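*Asks:* Pasting my_file22.cif here (mmCIF, C-alpha atoms):
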data_final
loop_
_atom_site.label_atom_id
_atom_site.label_comp_id
_atom_site.auth_asym_id
_atom_site.auth_seq_id
_atom_site.Cartn_x
_atom_site.Cartn_y
_atom_site.Cartn_z
CA MET A 13 -18.59 95.93 104.85
CA THR A 14 -17.89 99.65 105.09
CA ASP A 15 -16.68 101.60 108.10
CA THR A 16 -19.31 103.40 110.10
CA PRO A 17 -19.09 107.21 110.19
CA ALA A 18 -18.09 106.99 113.86
CA ALA A 19 -15.19 104.68 113.07
CA THR A 20 -14.04 106.87 110.20
CA ALA A 21 -13.94 109.93 112.46
CA ASP A 22 -12.05 108.16 115.26
CA THR A 23 -8.74 110.00 115.13
CA TRP A 24 -6.20 110.89 117.79
CA THR A 25 -4.02 113.95 118.22
CA VAL A 26 -0.55 114.49 119.67
CA ALA A 27 1.21 117.86 119.83
CA GLY A 28 -1.39 119.36 117.50
CA ARG A 29 -0.99 116.67 114.81
CA THR A 30 -3.90 114.38 114.04
CA PHE A 31 -3.62 110.77 112.89
CA THR A 32 -6.04 108.07 111.82
CA SER A 33 -3.86 104.99 112.40
CA ARG A 34 -3.20 104.15 116.05
CA LEU A 35 -0.31 101.85 115.18
CA ILE A 36 3.26 103.17 115.21
CA VAL A 37 6.00 100.92 113.84
CA GLY A 38 9.76 100.89 114.13
CA THR A 39 12.50 100.78 111.52
CA GLY A 40 14.97 98.34 113.05
CA LYS A 41 15.69 94.60 112.64
CA TYR A 42 14.26 94.29 109.12
CA LYS A 43 16.39 92.49 106.54
CA ASP A 44 16.49 95.63 104.38
CA PHE A 45 14.82 98.97 103.77
CA GLU A 46 12.52 97.46 101.11
CA GLN A 47 11.01 94.99 103.56
CA ASN A 48 10.69 97.73 106.16
CA ALA A 49 8.82 99.98 103.73
CA ALA A 50 6.50 97.15 102.68
CA ALA A 51 5.71 96.38 106.32
CA VAL A 52 4.89 100.01 107.02
CA GLU A 53 2.51 100.05 104.09
CA ALA A 54 0.85 96.80 105.17
CA SER A 55 0.44 98.08 108.72
CA GLY A 56 -1.28 101.30 107.65
CA ALA A 57 0.96 103.17 110.11
CA GLU A 58 1.30 106.92 109.67
CA ILE A 59 4.25 107.28 112.08
CA VAL A 60 7.57 105.41 112.11
CA THR A 61 10.23 105.62 114.78
CA VAL A 62 13.82 106.12 113.72
CA ALA A 63 16.84 105.49 115.94
CA VAL A 64 18.96 108.58 115.32
CA ARG A 65 22.12 106.86 116.54
CA ARG A 66 21.69 103.84 114.27
CA VAL A 67 20.04 105.02 111.05
CA ASN A 68 21.67 107.26 108.47
CA ILE A 69 19.69 110.51 108.31
CA SER A 70 22.26 112.92 106.96
CA ASP A 71 24.78 111.21 104.63
CA PRO A 72 23.36 111.27 101.07
CA LYS A 73 26.14 108.96 99.82
CA ALA A 74 24.93 106.06 101.98
CA PRO A 75 21.55 104.25 101.74
CA MET A 76 18.90 106.32 103.47
CA LEU A 77 15.60 105.25 104.97
CA THR A 78 13.99 108.32 103.44
CA ASP A 79 14.58 106.81 99.98
CA PHE A 80 12.16 104.02 100.88
CA ILE A 81 9.75 105.59 103.39
CA ASP A 82 8.71 109.05 102.23
CA PRO A 83 8.85 111.58 105.11
CA LYS A 84 6.29 113.69 103.24
CA LYS A 85 3.76 110.87 103.56
CA ILE A 86 4.85 109.19 106.82
CA THR A 87 5.69 111.12 109.99
CA TYR A 88 9.19 110.36 111.24
CA LEU A 89 9.56 110.08 115.00
CA PRO A 90 13.28 110.26 115.87
CA ASN A 91 14.08 108.33 119.02
CA THR A 92 16.98 108.07 121.43
CA ALA A 93 17.39 104.29 121.38
CA GLY A 94 20.75 103.35 122.85
CA CYS A 95 21.04 106.40 125.12
CA PHE A 96 21.80 105.75 128.79
CA THR A 97 22.02 109.32 130.09
CA ALA A 98 19.86 112.42 129.81
CA ASP A 99 22.76 114.32 128.24
CA ASP A 100 23.20 111.73 125.48
CA ALA A 101 19.49 111.73 124.72
CA ILE A 102 19.31 115.53 124.59
CA ARG A 103 22.36 115.73 122.33
CA THR A 104 20.94 113.05 120.02
CA LEU A 105 17.62 114.84 119.55
CA ARG A 106 19.31 118.17 118.98
CA LEU A 107 21.17 116.44 116.14
CA ALA A 108 17.88 115.09 114.77
CA ARG A 109 16.36 118.54 114.74
CA GLU A 110 19.43 119.91 112.97
CA ALA A 111 19.40 117.15 110.37
CA GLY A 112 15.69 116.93 109.63
CA GLY A 113 13.93 119.74 111.45
CA TRP A 114 12.10 117.26 113.67
CA ASP A 115 10.59 118.47 116.93
CA LEU A 116 8.07 115.69 117.61
CA VAL A 117 10.41 113.09 119.10
CA LYS A 118 10.45 109.91 121.14
CA LEU A 119 12.52 110.06 124.29
CA GLU A 120 13.92 106.96 125.92
CA VAL A 121 16.77 106.87 128.41
CA LEU A 122 17.73 103.34 129.37
CA GLY A 123 18.97 102.27 132.77
CA GLU A 124 20.89 99.13 131.79
CA ALA A 125 21.58 96.94 128.78
CA ARG A 126 20.18 93.70 130.25
CA THR A 127 16.56 94.75 130.76
CA LEU A 128 16.50 97.97 128.70
CA TYR A 129 14.24 99.38 131.40
CA PRO A 130 14.00 103.17 131.44
CA ASP A 131 16.00 105.17 133.96
CA MET A 132 13.18 107.39 135.16
CA ARG A 133 15.38 109.95 136.91
CA GLU A 134 17.39 110.58 133.73
CA THR A 135 14.25 110.38 131.59
CA LEU A 136 12.47 113.06 133.63
CA LYS A 137 15.55 115.28 133.54
CA ALA A 138 15.79 114.98 129.74
CA CYS A 139 12.07 115.56 129.27
CA GLU A 140 12.20 118.85 131.17
CA VAL A 141 15.14 120.14 129.13
CA LEU A 142 13.70 119.07 125.77
CA ALA A 143 10.29 120.58 126.49
CA LYS A 144 11.92 123.90 127.41
CA GLU A 145 13.87 123.82 124.13
CA GLY A 146 10.68 123.52 122.09
CA PHE A 147 10.67 119.78 121.49
CA ALA A 148 7.44 117.77 121.79
CA PRO A 149 8.65 114.61 123.55
CA MET A 150 6.69 111.37 123.51
CA VAL A 151 8.25 109.50 126.41
CA TYR A 152 9.00 105.81 126.99
CA CYS A 153 8.55 105.01 130.67
CA VAL A 154 7.83 102.39 133.30
CA ASP A 155 4.20 101.38 133.82
CA ASP A 156 3.88 103.62 136.88
CA PRO A 157 0.96 106.08 137.18
CA ILE A 158 2.98 108.45 139.39
CA ALA A 159 5.96 108.56 137.03
CA ALA A 160 3.54 109.07 134.11
CA LYS A 161 1.99 112.10 135.77
CA GLN A 162 5.42 113.55 136.58
CA LEU A 163 6.41 113.24 132.91
CA GLU A 164 3.21 114.95 131.82
CA GLU A 165 3.93 117.82 134.22
CA ALA A 166 7.48 118.01 132.82
CA GLY A 167 6.18 118.58 129.29
CA ALA A 168 5.67 115.13 127.77
CA VAL A 169 3.13 115.28 124.93
CA ALA A 170 2.47 111.53 125.16
CA ILE A 171 3.12 108.86 127.78
CA MET A 172 4.46 105.53 126.50
CA PRO A 173 4.54 102.87 129.24
CA LEU A 174 6.19 99.55 128.45
CA GLY A 175 3.99 96.50 128.24
CA ALA A 176 7.02 94.27 128.87
CA PRO A 177 10.78 94.61 128.26
CA ILE A 178 11.80 95.86 124.80
CA GLY A 179 11.95 93.04 122.25
CA SER A 180 10.65 90.42 124.70
CA GLY A 181 7.30 89.70 123.03
CA LEU A 182 5.82 88.90 126.45
CA GLY A 183 2.71 91.02 125.99
CA ILE A 184 1.23 93.43 128.52
CA GLN A 185 2.23 92.19 131.95
CA ASN A 186 0.52 94.79 134.13
CA LYS A 187 -2.88 95.66 132.72
CA VAL A 188 -4.01 97.32 135.95
CA THR A 189 -1.19 99.89 135.98
CA VAL A 190 -1.55 100.64 132.27
CA ARG A 191 -5.25 101.26 132.83
CA LEU A 192 -4.48 103.56 135.76
CA ILE A 193 -2.08 105.57 133.58
CA VAL A 194 -4.79 105.91 130.92
CA GLU A 195 -7.35 107.07 133.47
CA GLY A 196 -5.02 109.67 134.96
CA ALA A 197 -3.48 111.12 131.79
CA ASN A 198 -4.42 114.31 129.98
CA VAL A 199 -2.18 113.42 127.03
CA PRO A 200 -2.23 110.36 124.73
CA VAL A 201 -1.06 107.05 126.21
CA LEU A 202 0.54 104.45 123.93
CA VAL A 203 1.91 101.07 124.94
CA ASP A 204 5.53 100.90 123.85
CA ALA A 205 7.55 97.66 124.01
CA GLY A 206 6.70 94.07 124.76
CA VAL A 207 4.01 93.40 122.16
CA GLY A 208 4.56 89.99 120.57
CA THR A 209 1.44 89.18 118.61
CA ALA A 210 -1.89 90.60 117.49
CA SER A 211 -3.79 89.77 120.68
CA ASP A 212 -1.28 91.83 122.71
CA ALA A 213 -2.02 94.88 120.57
CA ALA A 214 -5.75 94.34 120.96
CA VAL A 215 -5.38 94.18 124.75
CA ALA A 216 -3.54 97.51 124.78
CA MET A 217 -6.37 99.13 122.86
CA GLU A 218 -9.06 97.49 124.99
CA LEU A 219 -7.43 99.11 128.03
CA GLY A 220 -8.17 102.50 126.48
CA CYS A 221 -4.72 103.32 125.14
CA ASP A 222 -4.59 105.79 122.26
CA GLY A 223 -2.17 103.64 120.32
CA VAL A 224 0.54 100.98 120.28
CA LEU A 225 4.17 101.14 119.18
CA MET A 226 6.01 98.04 118.08
CA ASN A 227 9.05 96.94 116.10
CA THR A 228 10.31 93.43 116.88
CA ALA A 229 6.85 91.84 116.77
CA ILE A 230 6.61 92.66 113.08
CA ALA A 231 10.28 92.63 112.04
CA GLU A 232 11.06 89.23 113.58
CA ALA A 233 7.85 87.49 112.51
CA LYS A 234 8.37 84.69 109.97
CA ASP A 235 6.15 86.70 107.61
CA PRO A 236 6.58 90.38 108.57
CA LEU A 237 4.06 91.69 106.02
CA ARG A 238 1.31 89.35 107.18
CA MET A 239 2.06 90.22 110.80
CA ALA A 240 1.93 93.92 109.93
CA ARG A 241 -1.56 93.41 108.50
CA ALA A 242 -2.56 91.42 111.57
CA MET A 243 -1.38 94.21 113.86
CA LYS A 244 -3.34 96.77 111.85
CA LEU A 245 -6.53 94.75 112.25
CA SER A 246 -5.95 93.94 115.92
CA VAL A 247 -5.43 97.59 116.83
CA GLN A 248 -8.65 98.47 115.03
CA ALA A 249 -10.54 95.59 116.70
CA GLY A 250 -9.25 96.47 120.17
CA ARG A 251 -10.20 100.11 119.70
CA ASP A 252 -13.71 99.17 118.55
CA ALA A 253 -14.10 96.83 121.53
CA TYR A 254 -13.06 99.62 123.90
CA LEU A 255 -15.48 102.09 122.34
CA ALA A 256 -18.28 99.50 122.34
CA GLY A 257 -17.99 98.96 126.10
CA ARG A 258 -17.47 95.36 127.03
CA MET A 259 -20.00 93.28 128.96
CA ALA A 260 -19.64 92.91 132.72
CA THR A 261 -17.77 89.86 134.00
CA ARG A 262 -19.77 87.50 136.24
CA ARG A 263 -18.90 84.66 138.55
CA TYR A 264 -21.68 82.40 137.25
CA ALA A 265 -23.42 81.62 133.98
CA ASP A 266 -26.05 83.94 132.58
CA PRO A 267 -27.97 82.26 129.75
CA SER A 268 -28.34 84.03 126.44
CA SER A 269 -31.87 82.62 126.19
CA PRO A 270 -34.23 82.84 129.22
CA LEU A 271 -34.83 79.59 131.08
CA ALA A 272 -38.36 80.54 132.12
CA GLY A 273 -41.29 79.39 129.96
CA LEU A 274 -39.47 76.47 128.31
CA ILE A 275 -41.62 73.87 126.57
#
Produce structure tokens that represent the structure in this file.
*Replies:*
Amino acid sequence: MTDTPAATADTWTVAGRTFTSRLIVGTGKYKDFEQNAAAVEASGAEIVTVAVRRVNISDPKAPMLTDFIDPKKITYLPNTAGCFTADDAIRTLRLAREAGGWDLVKLEVLGEARTLYPDMRETLKACEVLAKEGFAPMVYCVDDPIAAKQLEEAGAVAIMPLGAPIGSGLGIQNKVTVRLIVEGANVPVLVDAGVGTASDAAVAMELGCDGVLMNTAIAEAKDPLRMARAMKLSVQAGRDAYLAGRMATRRYADPSSPLAGLI
């Protein structure tokens, strides 16, 4: 079966860059760079997130992710994982721009180590500074429509509400608020964090999100490559379901075949 022309043309754009895959994958928790690269290929992802504070991006004498995932073919999205203040996040992304020339970045400023929930006051502060310095920040945030709009006004080029706590695999806990964020946003919305399995990714897409970001769900699966393929298919299926327009829900049965005129 071949893709329809409509499906082939279904791209999304962030900060002037257009992508076909709506799945973004991380580069942490894999057993090695080889497995990570194979998972990226299986997922069909065109963007990978890279924790600037944890991954070697500048020392050519040490193993480098760029030796396995080609930055000329895959877009690198440096992130501020592990930062707990706006100042740390800003400093980290300035380093990333110096090292690799990256300006499309993922901003996350965490509030505490236990839940890894974002500190929205520090996140908003960092977003404003980064946007003024010419960065294009895609921003991890709480699933709050008001906070999402404030980030957009501060210069965020994409809003990335959590589905559930980072690495929890709990799936999307608040579908209503994610949907409200999607309806109110003028920039792409991508669920970031909490996805555990393929059905979670499909739900995110069925809500109208532009994409899904995940790391642990693939990296900690018993078979990461098979899970990467599953995520690719589920994102595509969820997107198609959203575009198709689902049937209305009803309280009672509605027969597929009419009951009138039965023999």
*Asks:* Within 9 Å of segment 211-214 of chain A, which residues of segment 104-205 of chain A come that close, and what is the closest atom pair and distance in Å for each? Count only C-alpha atoms and give it as JSON lines.
*Replies:*
{"residue": "A:Gly175", "atom": "CA", "partner": "A:Asp212", "partner_atom": "CA", "distance": 9.0}
{"residue": "A:Gly181", "atom": "CA", "partner": "A:Asp212", "partner_atom": "CA", "distance": 8.8}
{"residue": "A:Leu182", "atom": "CA", "partner": "A:Asp212", "partner_atom": "CA", "distance": 8.5}
{"residue": "A:Gly183", "atom": "CA", "partner": "A:Asp212", "partner_atom": "CA", "distance": 5.2}
{"residue": "A:Ile184", "atom": "CA", "partner": "A:Asp212", "partner_atom": "CA", "distance": 6.5}
{"residue": "A:Val203", "atom": "CA", "partner": "A:Ala213", "partner_atom": "CA", "distance": 8.5}
*Asks:* Write out as JSON, numbers by chain which residues come within 12 Å of Gly206 of chain A when counting all atoms listed in the file, dropping same-chain ones fewer than 2 positions away.
*Replies:* {"A": [127, 128, 129, 154, 155, 172, 173, 174, 175, 176, 177, 178, 179, 180, 181, 182, 183, 184, 185, 186, 203, 204, 208, 209, 210, 212, 213, 216, 224, 225, 226, 227, 228, 229, 230]}
*Asks:* Those same residues, written as a short mmCIF file (atom, residue, chain, number, x, y, z; two decimals), in the coordinates of the input with C-alpha atoms?
*Replies:*
data_model
loop_
_atom_site.label_atom_id
_atom_site.label_comp_id
_atom_site.auth_asym_id
_atom_site.auth_seq_id
_atom_site.Cartn_x
_atom_site.Cartn_y
_atom_site.Cartn_z
CA THR A 127 16.56 94.75 130.76
CA LEU A 128 16.50 97.97 128.70
CA TYR A 129 14.24 99.38 131.40
CA VAL A 154 7.83 102.39 133.30
CA ASP A 155 4.20 101.38 133.82
CA MET A 172 4.46 105.53 126.50
CA PRO A 173 4.54 102.87 129.24
CA LEU A 174 6.19 99.55 128.45
CA GLY A 175 3.99 96.50 128.24
CA ALA A 176 7.02 94.27 128.87
CA PRO A 177 10.78 94.61 128.26
CA ILE A 178 11.80 95.86 124.80
CA GLY A 179 11.95 93.04 122.25
CA SER A 180 10.65 90.42 124.70
CA GLY A 181 7.30 89.70 123.03
CA LEU A 182 5.82 88.90 126.45
CA GLY A 183 2.71 91.02 125.99
CA ILE A 184 1.23 93.43 128.52
CA GLN A 185 2.23 92.19 131.95
CA ASN A 186 0.52 94.79 134.13
CA VAL A 203 1.91 101.07 124.94
CA ASP A 204 5.53 100.90 123.85
CA GLY A 208 4.56 89.99 120.57
CA THR A 209 1.44 89.18 118.61
CA ALA A 210 -1.89 90.60 117.49
CA ASP A 212 -1.28 91.83 122.71
CA ALA A 213 -2.02 94.88 120.57
CA ALA A 216 -3.54 97.51 124.78
CA VAL A 224 0.54 100.98 120.28
CA LEU A 225 4.17 101.14 119.18
CA MET A 226 6.01 98.04 118.08
CA ASN A 227 9.05 96.94 116.10
CA THR A 228 10.31 93.43 116.88
CA ALA A 229 6.85 91.84 116.77
CA ILE A 230 6.61 92.66 113.08
#
*Asks:* Give me, as an mmCIF file with C-alpha atoms, in the coordinates of the input, all polymer residues having an atom no more than 7 Å from segment 32-35 of chain A, counting all atoms listed in the file and skipping those fewer than 3 positions away in the same chain.
*Replies:*
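around08.cif, written as the output of this step:
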data_model
loop_
_atom_site.group_PDB
_atom_site.id
_atom_site.type_symbol
_atom_site.label_atom_id
_atom_site.label_comp_id
_atom_site.auth_asym_id
_atom_site.auth_seq_id
_atom_site.Cartn_x
_atom_site.Cartn_y
_atom_site.Cartn_z
ATOM 1 C CA ASP A 22 -12.050 108.160 115.260
ATOM 2 C CA THR A 23 -8.740 110.000 115.130
ATOM 3 C CA TRP A 24 -6.200 110.890 117.790
ATOM 4 C CA GLY A 56 -1.280 101.300 107.650
ATOM 5 C CA ALA A 57 0.960 103.170 110.110
ATOM 6 C CA GLU A 58 1.300 106.920 109.670
ATOM 7 C CA ASP A 222 -4.590 105.790 122.260
ATOM 8 C CA GLY A 223 -2.170 103.640 120.320
ATOM 9 C CA VAL A 224 0.540 100.980 120.280
ATOM 10 C CA LEU A 225 4.170 101.140 119.180
ATOM 11 C CA LYS A 244 -3.340 96.770 111.850
ATOM 12 C CA VAL A 247 -5.430 97.590 116.830
#
*Asks:* Output the residue selection produced by the PyMOL selection byres ((chain A and resi 48-55) around 7) on the file above, formatted as a count of residues only.
*Replies:* 17
*Asks:* Show which residues sit within 9 Å of Val64 of chain A, as a PyMOL selection string. Count only C-alpha atoms, and ignore same-chain residues fewer than 6 positions away.
*Replies:* chain A and resi 90-93+104-105+107-108
*Asks:* Any idea what the distance is between atom CA of Ile193 of chain A and atom CA of Ala27 of chain A?
*Replies:*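 Taking atom CA of Ile193 of chain A and atom CA of Ala27 of chain A, their separation equals 18.7 Å.
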*Asks:* I'd like to see the residues matched by the PyMOL selection byres ((chain A and resi 153) around 12) on this file, and ideally I'd get them as a PyMOL selection string.
*Replies:* chain A and resi 118-123+128-136+139+149-152+154-164+168+170-178+190+193+201-205
*Asks:* Within 10 Å of Trp114 of chain A, counting all atoms listed in the file, which residues show up once you throw out same-chain ones fewer than 2 positions away? Write them as a list in words, please.
*Replies:*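 Residues meeting the cut-off are Thr87, Tyr88, Leu89, Pro90, Leu105, Arg106, Leu107, Ala108, Arg109, Glu110, Ala111, Gly112, Leu116, Val117, Phe147 and Ala148 of chain A.
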*Asks:* Rounded to one decimal in Å, what is the spacing between atom CA of Lys85 of chain A and atom CA of Ala233 of chain A?
*Replies:*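 Calculated distance between atom CA of Lys85 of chain A and atom CA of Ala233 of chain A is 25.4 Å.
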*Asks:* Of the candidates A:Glu218, A:Met239, A:Lys234, A:Leu192, which one gets nearest to Leu255 of chain A if we count only C-alpha atoms?
*Replies:*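 That would be A:Glu218, the residue with the smallest distance to Leu255 of chain A.
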*Asks:* Mind pulling up the distance from atom CA of Phe96 of chain A to atom CA of Pro75 of chain A?
*Replies:* 27.1 Å
*Asks:* Point out the residue among A:Val169, A:Ala260, A:Cys95, A:Ala242 with the least atom-to-atom distance to Thr25 of chain A, counting all atoms listed in the file.
*Replies:*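 Residue with the minimum atom-to-atom distance to Thr25 of chain A: A:Val169.
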*Asks:* Given the choices A:Val62, A:Ala21, A:Leu245, A:Val215, which gets closest to Met76 of chain A if the distance is worked out from all atoms listed in the file?
*Replies:* A:Val62
